[in-house]
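Undergrad: So that you have it, the file is start25.tsv, and it contains TSV, C-alpha atoms:
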chain	number	residue	atom	x	y	z
A	1	MET	CA	5.55	-21.86	4.85
A	2	SER	CA	2.54	-23.79	6.01
A	3	ASP	CA	-1.00	-23.30	4.79
A	4	THR	CA	-3.70	-21.85	7.01
A	5	PRO	CA	-6.02	-24.56	8.34
A	6	LYS	CA	-9.17	-24.88	6.22
A	7	SER	CA	-12.53	-24.33	7.87
A	8	PRO	CA	-15.88	-24.52	6.08
A	9	ARG	CA	-16.27	-20.75	6.08
A	10	SER	CA	-12.70	-20.05	5.03
A	11	THR	CA	-12.85	-22.35	2.03
A	12	VAL	CA	-13.20	-20.70	-1.37
A	13	ARG	CA	-16.23	-22.26	-3.03
A	14	ARG	CA	-16.88	-19.94	-5.99
A	15	ALA	CA	-14.09	-20.45	-8.54
A	16	PRO	CA	-12.04	-22.57	-6.08
A	17	ARG	CA	-9.06	-22.63	-8.49
A	18	ARG	CA	-8.58	-18.96	-7.54
A	19	GLY	CA	-8.27	-19.73	-3.85
A	20	THR	CA	-5.06	-19.79	-1.88
A	21	TYR	CA	-4.35	-20.87	1.68
A	22	SER	CA	-0.60	-20.40	1.61
A	23	ARG	CA	0.47	-18.23	4.54
A	24	ASP	CA	3.09	-16.54	2.36
A	25	ASP	CA	0.45	-15.59	-0.21
A	26	LEU	CA	-1.86	-14.24	2.48
A	27	LEU	CA	0.92	-12.26	4.15
A	28	GLU	CA	1.96	-10.78	0.81
A	29	ILE	CA	-1.58	-9.61	0.04
A	30	LEU	CA	-2.08	-8.23	3.54
A	31	ASP	CA	1.31	-6.51	3.64
A	32	GLU	CA	0.38	-4.41	0.62
A	33	ALA	CA	-2.84	-3.16	2.19
A	34	TRP	CA	-3.42	0.24	3.78
A	35	LEU	CA	-7.06	-0.52	4.43
A	36	CYS	CA	-9.15	-3.44	5.51
A	37	HIS	CA	-12.92	-3.71	5.84
A	38	VAL	CA	-13.91	-4.99	9.26
A	39	GLY	CA	-17.30	-6.66	9.64
A	40	VAL	CA	-19.02	-7.35	12.93
A	41	VAL	CA	-22.55	-8.10	14.00
A	42	ASP	CA	-24.00	-5.17	15.92
A	43	ASP	CA	-27.45	-5.59	17.39
A	44	GLY	CA	-28.08	-8.52	15.04
A	45	ALA	CA	-27.15	-6.64	11.87
A	46	PRO	CA	-23.90	-6.58	9.90
A	47	VAL	CA	-21.69	-3.50	10.02
A	48	VAL	CA	-18.68	-3.07	7.72
A	49	ILE	CA	-16.21	-0.30	8.56
A	50	PRO	CA	-12.99	0.61	6.74
A	51	MET	CA	-9.93	0.71	8.99
A	52	SER	CA	-6.27	1.32	8.35
A	53	CYS	CA	-4.21	-1.83	8.86
A	54	TRP	CA	-0.71	-3.19	8.76
A	55	LEU	CA	1.18	-6.36	9.51
A	56	TYR	CA	3.20	-6.76	12.69
A	57	GLU	CA	4.73	-10.08	13.62
A	58	GLU	CA	2.48	-11.87	11.14
A	59	ARG	CA	-0.70	-10.47	12.59
A	60	LEU	CA	-3.00	-7.94	10.99
A	61	MET	CA	-3.13	-4.86	13.21
A	62	VAL	CA	-5.84	-2.22	13.47
A	63	HIS	CA	-6.02	0.69	15.85
A	64	GLY	CA	-8.52	3.27	16.97
A	65	SER	CA	-10.12	5.09	19.80
A	66	PRO	CA	-11.35	2.87	22.64
A	67	ARG	CA	-14.48	5.04	22.60
A	68	SER	CA	-15.51	4.03	19.08
A	69	ARG	CA	-18.37	1.57	18.89
A	70	LEU	CA	-16.49	-0.78	16.59
A	71	MET	CA	-13.40	-0.86	18.81
A	72	ARG	CA	-15.58	-1.51	21.84
A	73	LEU	CA	-17.28	-4.43	20.11
A	74	LEU	CA	-13.92	-5.85	19.05
A	75	LEU	CA	-12.53	-5.39	22.57
A	76	GLU	CA	-15.51	-7.28	23.95
A	77	GLY	CA	-14.58	-10.23	21.75
A	78	ALA	CA	-17.02	-9.82	18.89
A	79	ALA	CA	-16.53	-12.29	16.05
A	80	ALA	CA	-15.08	-10.33	13.15
A	81	CYS	CA	-14.52	-10.84	9.44
A	82	VAL	CA	-11.67	-8.72	8.10
A	83	THR	CA	-11.33	-8.41	4.35
A	84	VAL	CA	-8.54	-6.88	2.28
A	85	THR	CA	-8.93	-6.42	-1.45
A	86	HIS	CA	-6.55	-5.09	-4.10
A	87	LEU	CA	-8.08	-4.30	-7.47
A	88	ASP	CA	-5.45	-5.06	-10.10
A	89	GLY	CA	-7.28	-4.59	-13.37
A	90	LEU	CA	-10.42	-4.41	-15.45
A	91	VAL	CA	-10.74	-7.42	-17.75
A	92	LEU	CA	-12.44	-6.55	-21.03
A	93	ALA	CA	-13.79	-9.57	-22.88
A	94	ARG	CA	-15.49	-9.82	-26.29
A	95	SER	CA	-18.70	-10.95	-24.58
A	96	ALA	CA	-20.44	-8.97	-21.86
A	97	PHE	CA	-20.64	-12.09	-19.71
A	98	HIS	CA	-16.90	-12.71	-19.56
A	99	HIS	CA	-15.94	-9.21	-18.46
A	100	SER	CA	-14.19	-9.54	-15.15
A	101	MET	CA	-11.73	-7.97	-12.75
A	102	ASN	CA	-8.28	-8.97	-11.64
A	103	TYR	CA	-7.89	-8.77	-7.89
A	104	ARG	CA	-6.27	-10.26	-4.82
A	105	SER	CA	-8.21	-10.59	-1.61
A	106	VAL	CA	-7.98	-12.10	1.85
A	107	VAL	CA	-11.02	-12.90	3.97
A	108	LEU	CA	-10.04	-13.51	7.59
A	109	HIS	CA	-12.29	-14.67	10.40
A	110	GLY	CA	-11.33	-14.19	14.00
A	111	VAL	CA	-11.53	-12.39	17.27
A	112	ALA	CA	-9.20	-9.48	17.86
A	113	THR	CA	-6.66	-9.58	20.67
A	114	GLU	CA	-5.66	-6.37	22.37
A	115	VAL	CA	-1.97	-5.57	22.44
A	116	SER	CA	-1.35	-3.86	25.75
A	117	ASP	CA	2.33	-4.46	26.47
A	118	PRO	CA	3.97	-1.02	26.10
A	119	GLN	CA	7.01	-2.32	24.25
A	120	ALA	CA	4.96	-4.39	21.80
A	121	ARG	CA	2.68	-1.41	21.23
A	122	GLY	CA	5.61	0.86	20.49
A	123	ALA	CA	7.12	-1.66	18.11
A	124	ALA	CA	3.80	-2.21	16.33
A	125	PHE	CA	3.16	1.52	15.86
A	126	ALA	CA	6.73	1.93	14.66
A	127	ALA	CA	6.14	-0.81	12.08
A	128	PHE	CA	3.14	1.12	10.74
A	129	VAL	CA	5.04	4.40	10.44
A	130	GLU	CA	8.00	2.60	8.85
A	131	LYS	CA	5.64	1.15	6.27
A	132	VAL	CA	4.57	4.68	5.34
A	133	GLU	CA	8.17	5.88	5.09
A	134	PRO	CA	11.20	3.82	6.11
A	135	GLY	CA	13.26	5.62	8.74
A	136	ARG	CA	10.41	7.91	9.75
A	137	TRP	CA	9.75	6.55	13.24
A	138	ASP	CA	13.01	7.92	14.61
A	139	ARG	CA	12.43	11.34	13.06
A	140	ILE	CA	8.91	12.04	14.32
A	141	ARG	CA	7.73	13.08	17.76
A	142	GLN	CA	6.82	9.77	19.33
A	143	PRO	CA	3.59	9.15	21.25
A	144	ASN	CA	3.23	10.50	24.77
A	145	ASP	CA	1.27	8.78	27.52
A	146	ALA	CA	-2.00	10.58	26.83
A	147	GLU	CA	-1.80	9.67	23.13
A	148	LEU	CA	-1.03	6.06	23.92
A	149	ARG	CA	-3.99	5.90	26.29
A	150	ALA	CA	-6.23	7.27	23.55
A	151	THR	CA	-5.24	4.52	21.11
A	152	THR	CA	-6.34	0.91	21.32
A	153	LEU	CA	-4.26	-1.55	19.35
A	154	LEU	CA	-5.74	-4.84	18.20
A	155	GLY	CA	-4.29	-7.75	16.29
A	156	PHE	CA	-5.88	-10.53	14.25
A	157	ASP	CA	-4.12	-13.84	13.81
A	158	ILE	CA	-3.82	-15.02	10.19
A	159	ASP	CA	-5.35	-18.34	10.99
A	160	GLU	CA	-8.86	-18.94	9.70
A	161	ALA	CA	-8.27	-17.12	6.44
A	162	ALA	CA	-8.45	-17.63	2.70
A	163	GLY	CA	-6.98	-15.69	-0.19
A	164	LYS	CA	-8.41	-15.39	-3.66
A	165	ARG	CA	-7.01	-13.89	-6.83
A	166	ARG	CA	-7.69	-13.53	-10.48
A	167	THR	CA	-4.93	-12.70	-12.90
A	168	GLY	CA	-4.55	-12.65	-16.66
A	169	GLY	CA	-6.68	-11.78	-19.64
A	170	PRO	CA	-10.30	-12.44	-20.55
A	171	VAL	CA	-11.49	-16.02	-21.02
A	172	ASP	CA	-13.94	-15.78	-23.89
A	173	ALA	CA	-15.73	-18.66	-25.50
A	174	PRO	CA	-13.90	-19.82	-28.65
A	175	ALA	CA	-16.86	-18.75	-30.79
A	176	ASP	CA	-16.44	-15.17	-29.57
A	177	LEU	CA	-12.73	-14.80	-30.30
A	178	SER	CA	-13.41	-13.36	-33.74
A	179	HIS	CA	-15.86	-10.78	-32.43
A	180	PRO	CA	-14.40	-7.47	-33.66
A	181	VAL	CA	-13.79	-5.63	-30.41
A	182	TRP	CA	-10.66	-4.85	-28.40
A	183	ALA	CA	-10.17	-7.31	-25.55
A	184	GLY	CA	-7.58	-7.37	-22.84
A	185	VAL	CA	-6.74	-5.93	-19.45
A	186	ILE	CA	-6.63	-2.36	-18.21
A	187	PRO	CA	-4.26	-2.59	-15.24
A	188	LEU	CA	-5.25	-0.70	-12.12
A	189	ALA	CA	-2.96	0.14	-9.24
A	190	LEU	CA	-3.02	2.36	-6.20
A	191	THR	CA	-0.19	4.75	-6.99
A	192	ARG	CA	1.54	7.50	-5.04
A	193	GLY	CA	1.39	11.02	-6.44
A	194	ALA	CA	3.84	13.86	-5.79
A	195	PRO	CA	4.04	14.60	-2.05
A	196	VAL	CA	2.36	17.82	-0.93
A	197	ARG	CA	4.23	19.57	1.88
A	198	ASP	CA	2.10	20.86	4.75
A	199	GLY	CA	1.71	24.61	4.70
A	200	ALA	CA	1.98	24.87	8.48
A	201	ALA	CA	5.49	23.45	8.46
A	202	VAL	CA	8.06	25.21	10.61
A	203	GLU	CA	11.12	23.15	9.82
B	1	MET	CA	-30.56	17.15	-3.79
B	2	SER	CA	-32.01	15.90	-0.50
B	3	ASP	CA	-30.07	14.25	2.28
B	4	THR	CA	-30.50	10.60	3.14
B	5	PRO	CA	-32.65	10.14	6.25
B	6	LYS	CA	-30.55	9.71	9.38
B	7	SER	CA	-30.91	6.55	11.42
B	8	PRO	CA	-28.94	5.74	14.57
B	9	ARG	CA	-26.71	3.28	12.75
B	10	SER	CA	-26.15	5.50	9.74
B	11	THR	CA	-25.04	8.47	11.80
B	12	VAL	CA	-21.33	9.24	11.87
B	13	ARG	CA	-20.30	9.35	15.52
B	14	ARG	CA	-16.49	9.28	15.36
B	15	ALA	CA	-15.27	12.63	13.96
B	16	PRO	CA	-18.83	13.67	13.00
B	17	ARG	CA	-17.54	16.77	11.17
B	18	ARG	CA	-16.30	14.35	8.50
B	19	GLY	CA	-19.74	12.89	7.91
B	20	THR	CA	-21.98	13.66	4.95
B	21	TYR	CA	-25.55	12.69	4.26
B	22	SER	CA	-25.96	14.58	1.01
B	23	ARG	CA	-27.26	12.24	-1.66
B	24	ASP	CA	-25.08	13.96	-4.25
B	25	ASP	CA	-21.96	13.34	-2.15
B	26	LEU	CA	-22.87	9.69	-1.63
B	27	LEU	CA	-23.61	9.16	-5.32
B	28	GLU	CA	-20.31	10.77	-6.29
B	29	ILE	CA	-18.34	8.49	-3.96
B	30	LEU	CA	-20.24	5.40	-5.08
B	31	ASP	CA	-19.99	6.25	-8.78
B	32	GLU	CA	-16.22	6.18	-8.59
B	33	ALA	CA	-16.12	2.70	-7.06
B	34	TRP	CA	-15.33	-0.55	-8.84
B	35	LEU	CA	-15.59	-2.54	-5.65
B	36	CYS	CA	-17.72	-2.61	-2.56
B	37	HIS	CA	-17.42	-4.78	0.53
B	38	VAL	CA	-20.68	-6.52	1.32
B	39	GLY	CA	-21.27	-7.69	4.87
B	40	VAL	CA	-23.97	-10.11	5.94
B	41	VAL	CA	-24.57	-12.30	8.96
B	42	ASP	CA	-24.15	-15.96	8.05
B	43	ASP	CA	-24.89	-18.51	10.74
B	44	GLY	CA	-24.55	-15.80	13.38
B	45	ALA	CA	-21.13	-14.60	12.25
B	46	PRO	CA	-20.15	-11.66	10.04
B	47	VAL	CA	-18.92	-12.29	6.51
B	48	VAL	CA	-17.43	-9.54	4.35
B	49	ILE	CA	-17.00	-10.24	0.65
B	50	PRO	CA	-15.65	-7.91	-2.04
B	51	MET	CA	-17.97	-7.48	-5.02
B	52	SER	CA	-17.81	-5.40	-8.15
B	53	CYS	CA	-20.42	-2.65	-8.13
B	54	TRP	CA	-21.80	0.23	-10.14
B	55	LEU	CA	-24.58	2.77	-10.01
B	56	TYR	CA	-27.72	2.36	-12.05
B	57	GLU	CA	-30.67	4.68	-11.61
B	58	GLU	CA	-29.28	5.87	-8.28
B	59	ARG	CA	-29.02	2.39	-6.85
B	60	LEU	CA	-25.85	0.48	-6.09
B	61	MET	CA	-25.83	-2.68	-8.20
B	62	VAL	CA	-24.00	-5.94	-7.60
B	63	HIS	CA	-24.20	-9.13	-9.60
B	64	GLY	CA	-23.15	-12.73	-9.28
B	65	SER	CA	-24.07	-16.32	-9.65
B	66	PRO	CA	-27.36	-17.30	-8.01
B	67	ARG	CA	-25.49	-20.36	-6.73
B	68	SER	CA	-23.05	-18.36	-4.59
B	69	ARG	CA	-23.76	-18.43	-0.89
B	70	LEU	CA	-23.62	-14.65	-0.58
B	71	MET	CA	-26.03	-14.10	-3.46
B	72	ARG	CA	-28.41	-16.66	-1.99
B	73	LEU	CA	-28.36	-14.92	1.38
B	74	LEU	CA	-28.98	-11.56	-0.27
B	75	LEU	CA	-31.79	-13.02	-2.39
B	76	GLU	CA	-33.39	-14.38	0.77
B	77	GLY	CA	-33.50	-10.85	2.15
B	78	ALA	CA	-30.50	-10.88	4.48
B	79	ALA	CA	-29.74	-7.52	6.08
B	80	ALA	CA	-26.61	-6.20	4.45
B	81	CYS	CA	-24.05	-3.49	5.06
B	82	VAL	CA	-22.32	-2.37	1.89
B	83	THR	CA	-19.21	-0.23	2.24
B	84	VAL	CA	-17.23	1.62	-0.43
B	85	THR	CA	-13.90	3.24	0.43
B	86	HIS	CA	-11.50	5.30	-1.66
B	87	LEU	CA	-8.06	5.85	-0.17
B	88	ASP	CA	-6.90	9.30	-1.28
B	89	GLY	CA	-3.67	9.80	0.60
B	90	LEU	CA	-1.31	9.10	3.44
B	91	VAL	CA	-1.13	11.99	5.89
B	92	LEU	CA	2.31	12.35	7.45
B	93	ALA	CA	2.31	14.43	10.61
B	94	ARG	CA	5.21	15.54	12.83
B	95	SER	CA	3.85	13.40	15.67
B	96	ALA	CA	3.13	9.68	15.35
B	97	PHE	CA	-0.31	10.22	16.84
B	98	HIS	CA	-1.52	12.63	14.18
B	99	HIS	CA	-0.58	10.50	11.19
B	100	SER	CA	-3.75	9.81	9.28
B	101	MET	CA	-5.25	8.93	5.92
B	102	ASN	CA	-7.36	10.87	3.50
B	103	TYR	CA	-10.31	8.86	2.28
B	104	ARG	CA	-13.92	8.95	1.18
B	105	SER	CA	-16.30	6.21	2.23
B	106	VAL	CA	-19.97	5.29	2.17
B	107	VAL	CA	-21.53	2.83	4.59
B	108	LEU	CA	-24.94	1.71	3.40
B	109	HIS	CA	-27.43	-0.49	5.25
B	110	GLY	CA	-30.21	-2.24	3.44
B	111	VAL	CA	-31.75	-5.30	1.89
B	112	ALA	CA	-31.01	-6.03	-1.75
B	113	THR	CA	-33.80	-6.11	-4.29
B	114	GLU	CA	-33.51	-8.41	-7.28
B	115	VAL	CA	-33.82	-6.80	-10.68
B	116	SER	CA	-35.61	-9.34	-12.85
B	117	ASP	CA	-37.24	-7.28	-15.59
B	118	PRO	CA	-35.30	-8.18	-18.76
B	119	GLN	CA	-35.15	-4.63	-20.05
B	120	ALA	CA	-33.97	-3.18	-16.74
B	121	ARG	CA	-31.37	-5.94	-16.48
B	122	GLY	CA	-30.05	-5.21	-19.94
B	123	ALA	CA	-29.89	-1.49	-19.22
B	124	ALA	CA	-28.15	-2.05	-15.88
B	125	PHE	CA	-25.51	-4.37	-17.37
B	126	ALA	CA	-25.00	-1.90	-20.20
B	127	ALA	CA	-24.40	0.85	-17.63
B	128	PHE	CA	-21.65	-1.25	-16.05
B	129	VAL	CA	-19.90	-1.95	-19.36
B	130	GLU	CA	-20.24	1.70	-20.37
B	131	LYS	CA	-18.55	2.69	-17.11
B	132	VAL	CA	-15.59	0.49	-18.05
B	133	GLU	CA	-15.38	1.98	-21.55
B	134	PRO	CA	-17.97	4.37	-23.02
B	135	GLY	CA	-19.44	3.00	-26.25
B	136	ARG	CA	-18.38	-0.57	-25.47
B	137	TRP	CA	-21.82	-2.11	-24.90
B	138	ASP	CA	-22.76	-1.84	-28.59
B	139	ARG	CA	-19.48	-3.32	-29.72
B	140	ILE	CA	-19.38	-6.47	-27.56
B	141	ARG	CA	-21.30	-9.69	-27.95
B	142	GLN	CA	-24.27	-9.14	-25.68
B	143	PRO	CA	-25.52	-11.72	-23.17
B	144	ASN	CA	-27.50	-14.72	-24.39
B	145	ASP	CA	-30.28	-16.37	-22.44
B	146	ALA	CA	-28.08	-18.91	-20.68
B	147	GLU	CA	-25.70	-16.18	-19.56
B	148	LEU	CA	-28.54	-14.03	-18.30
B	149	ARG	CA	-29.96	-16.96	-16.35
B	150	ALA	CA	-26.55	-17.51	-14.77
B	151	THR	CA	-26.38	-13.94	-13.48
B	152	THR	CA	-28.37	-12.53	-10.62
B	153	LEU	CA	-28.63	-8.76	-10.48
B	154	LEU	CA	-29.30	-7.01	-7.19
B	155	GLY	CA	-29.73	-3.36	-6.30
B	156	PHE	CA	-29.37	-1.47	-3.04
B	157	ASP	CA	-31.25	1.76	-2.47
B	158	ILE	CA	-29.10	4.66	-1.28
B	159	ASP	CA	-31.34	5.33	1.64
B	160	GLU	CA	-29.97	4.40	5.06
B	161	ALA	CA	-26.44	5.51	4.26
B	162	ALA	CA	-23.73	7.83	5.47
B	163	GLY	CA	-20.60	9.14	3.83
B	164	LYS	CA	-17.38	10.10	5.55
B	165	ARG	CA	-14.27	11.79	4.26
B	166	ARG	CA	-11.01	13.26	5.37
B	167	THR	CA	-9.14	15.72	3.20
B	168	GLY	CA	-6.18	18.02	3.67
B	169	GLY	CA	-2.90	17.97	5.52
B	170	PRO	CA	-1.86	16.82	8.97
B	171	VAL	CA	-3.27	18.53	12.04
B	172	ASP	CA	-0.39	18.61	14.47
B	173	ALA	CA	-0.41	20.20	17.88
B	174	PRO	CA	1.07	23.72	17.74
B	175	ALA	CA	3.98	22.60	19.92
B	176	ASP	CA	4.96	20.01	17.31
B	177	LEU	CA	5.04	22.34	14.30
B	178	SER	CA	8.73	23.05	14.76
B	179	HIS	CA	9.65	19.37	14.97
B	180	PRO	CA	12.23	18.91	12.19
B	181	VAL	CA	10.58	16.33	9.97
B	182	TRP	CA	8.84	16.52	6.63
B	183	ALA	CA	5.06	16.65	7.02
B	184	GLY	CA	2.36	16.66	4.41
B	185	VAL	CA	0.31	14.36	2.22
B	186	ILE	CA	1.34	11.60	-0.14
B	187	PRO	CA	-1.62	11.42	-2.53
B	188	LEU	CA	-2.84	7.95	-3.48
B	189	ALA	CA	-5.11	7.15	-6.39
B	190	LEU	CA	-6.24	4.06	-8.24
B	191	THR	CA	-4.79	4.71	-11.68
B	192	ARG	CA	-5.10	2.96	-15.02
B	193	GLY	CA	-1.96	1.55	-16.60
B	194	ALA	CA	-1.33	0.92	-20.29
B	195	PRO	CA	-3.94	-1.52	-21.65
B	196	VAL	CA	-2.65	-5.04	-22.37
B	197	ARG	CA	-4.25	-6.59	-25.45
B	198	ASP	CA	-5.39	-10.19	-25.09
B	199	GLY	CA	-3.12	-12.62	-26.92
B	200	ALA	CA	-6.04	-14.77	-28.04
B	201	ALA	CA	-7.52	-11.88	-30.06
B	202	VAL	CA	-8.72	-12.72	-33.57
B	203	GLU	CA	-9.84	-9.30	-34.69
Using structure tokens, write down the structure from this file.
TA:
Amino acid sequence: MSDTPKSPRSTVRRAPRRGTYSRDDLLEILDEAWLCHVGVVDDGAPVVIPMSCWLYEERLMVHGSPRSRLMRLLLEGAAACVTVTHLDGLVLARSAFHHSMNYRSVVLHGVATEVSDPQARGAAFAAFVEKVEPGRWDRIRQPNDAELRATTLLGFDIDEAAGKRRTGGPVDAPADLSHPVWAGVIPLALTRGAPVRDGAAVE
Amino acid sequence: MSDTPKSPRSTVRRAPRRGTYSRDDLLEILDEAWLCHVGVVDDGAPVVIPMSCWLYEERLMVHGSPRSRLMRLLLEGAAACVTVTHLDGLVLARSAFHHSMNYRSVVLHGVATEVSDPQARGAAFAAFVEKVEPGRWDRIRQPNDAELRATTLLGFDIDEAAGKRRTGGPVDAPADLSHPVWAGVIPLALTRGAPVRDGAAVE
């Protein structure tokens, strides 16, 4: 698929070899995310808030109460920077300086668009629940009108966006390779534990 | 220990019962983090960049090249918002509306201070490496002058900051408790996999 268009602020300048602008790469990184960090300027100062997120029709969706300050700012068209980061490993080098981390990230600039069409809203919320557990949407009690009114749904186009990733082992200077210390990668991953059934269940 | 002083922007307004201002709580959440998301205003627009982080003497430390745009902005005294989030679980309710996530987060406002004293810098970098693997600092090749010059070290005071957390199971409406669907929590945790030794090792 096509690359995202490059803009000065969505061009990876530090370690540019780690940058990616391929839409497929960006979608893959975003699709794995449960959380994004949304930055806006509020009263002249930056604010960064974690929000749950998911992909729907190749847009990054967030939702929340229309009464929250962040949602209000986004609804008013505030410029936003939405960042998703997966930490994939700790990179242990022989030298302190070359210690690093493996990660994949997307930094997306844009203005959120509200999704207000009832059918699109239903389909987008269903996509989120299906991401949690395939088949779940049809088994749960679906939103009623009051609940839908209490939830604002916003989408960000994957347009002015850049990905970045580091993979692989440490890159030590040749002179350090004989330094007698273990070097390599400790993989990190967000993993699911054993499900804990709710005590209030009346099934 | 004392609470952080409350300011309007570091007061949890959405679901305030989930807020915490206890310094011990904030330090515990921050100490567990490998990554923070640093937001600044650049040319009027928000930018949110993931950075590795660690605690040193009750300050949140970040480091990077003095040539990076973000580090330059921080060095110039840009107002920053630094956010750390741990995702602890997916909360599956009987109703779509009450699905949620368990998490712990800290949102910190402040201006970074450069740490330039050589001894403090060494001790702070050592603290980071020791967090990765206790005892490692004395075994690795420590930074030389050129490497130290290429690394800017910044600290954020844990001062204007608020924590927030959600724990526990779904909170469904009583009328939904008999809805015939599994409800509960799928725990999530960032876990370490089996270490992968670097192929270039000459030990």
Undergrad: To one decimal in Å, tell me the separation between CA of Leu154 (chain A) and CA of Ser100 (chain B).
TA: 17.3 Å
Undergrad: Write out as a CSV table (one decimal) with C-alpha atoms, keeping the file's coordinate frame each polymer residue whose atoms come within 12 Å of Asp145 (chain B), counting all atoms listed in the file; drop sequence neighbours fewer than 5 positions from it.
TA:
chain,number,residue,atom,x,y,z
A,97,PHE,CA,-20.6,-12.1,-19.7
B,118,PRO,CA,-35.3,-8.2,-18.8
B,122,GLY,CA,-30.0,-5.2,-19.9
B,150,ALA,CA,-26.6,-17.5,-14.8
B,151,THR,CA,-26.4,-13.9,-13.5
Undergrad: Go through B:Val47, B:Arg104, B:Arg121, B:Gly64 one by one, measure the shortest atom-to-atom distance of each to chain A using all atoms listed in the file, and give the residue with the smallest value.
TA: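 Ranked by minimum distance to chain A, first place goes to B:Val47.
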Undergrad: Which residues come within 10 Å of Ala79 (chain A), counting all atoms listed in the file, excluding same-chain residues fewer than 3 positions away, as a ChimeraX atom specification?
TA: /A:39-41,73-74,76,82,109-112 /B:44-47
Undergrad: Give me a file of those residues, with C-alpha atoms, as an mmCIF file, keeping the file's coordinate frame.
TA:
data_model
loop_
_atom_site.group_PDB
_atom_site.id
_atom_site.type_symbol
_atom_site.label_atom_id
_atom_site.label_comp_id
_atom_site.auth_asym_id
_atom_site.auth_seq_id
_atom_site.Cartn_x
_atom_site.Cartn_y
_atom_site.Cartn_z
ATOM 1 C CA GLY A 39 -17.300 -6.660 9.640
ATOM 2 C CA VAL A 40 -19.020 -7.350 12.930
ATOM 3 C CA VAL A 41 -22.550 -8.100 14.000
ATOM 4 C CA LEU A 73 -17.280 -4.430 20.110
ATOM 5 C CA LEU A 74 -13.920 -5.850 19.050
ATOM 6 C CA GLU A 76 -15.510 -7.280 23.950
ATOM 7 C CA VAL A 82 -11.670 -8.720 8.100
ATOM 8 C CA HIS A 109 -12.290 -14.670 10.400
ATOM 9 C CA GLY A 110 -11.330 -14.190 14.000
ATOM 10 C CA VAL A 111 -11.530 -12.390 17.270
ATOM 11 C CA ALA A 112 -9.200 -9.480 17.860
ATOM 12 C CA GLY B 44 -24.550 -15.800 13.380
ATOM 13 C CA ALA B 45 -21.130 -14.600 12.250
ATOM 14 C CA PRO B 46 -20.150 -11.660 10.040
ATOM 15 C CA VAL B 47 -18.920 -12.290 6.510
#
Undergrad: Report the distance between CA of Val38 (chain B) and CA of Ala123 (chain B) in Å, rounded to one decimal place.
TA: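 Computing it gives 23.1 Å between the two atoms.
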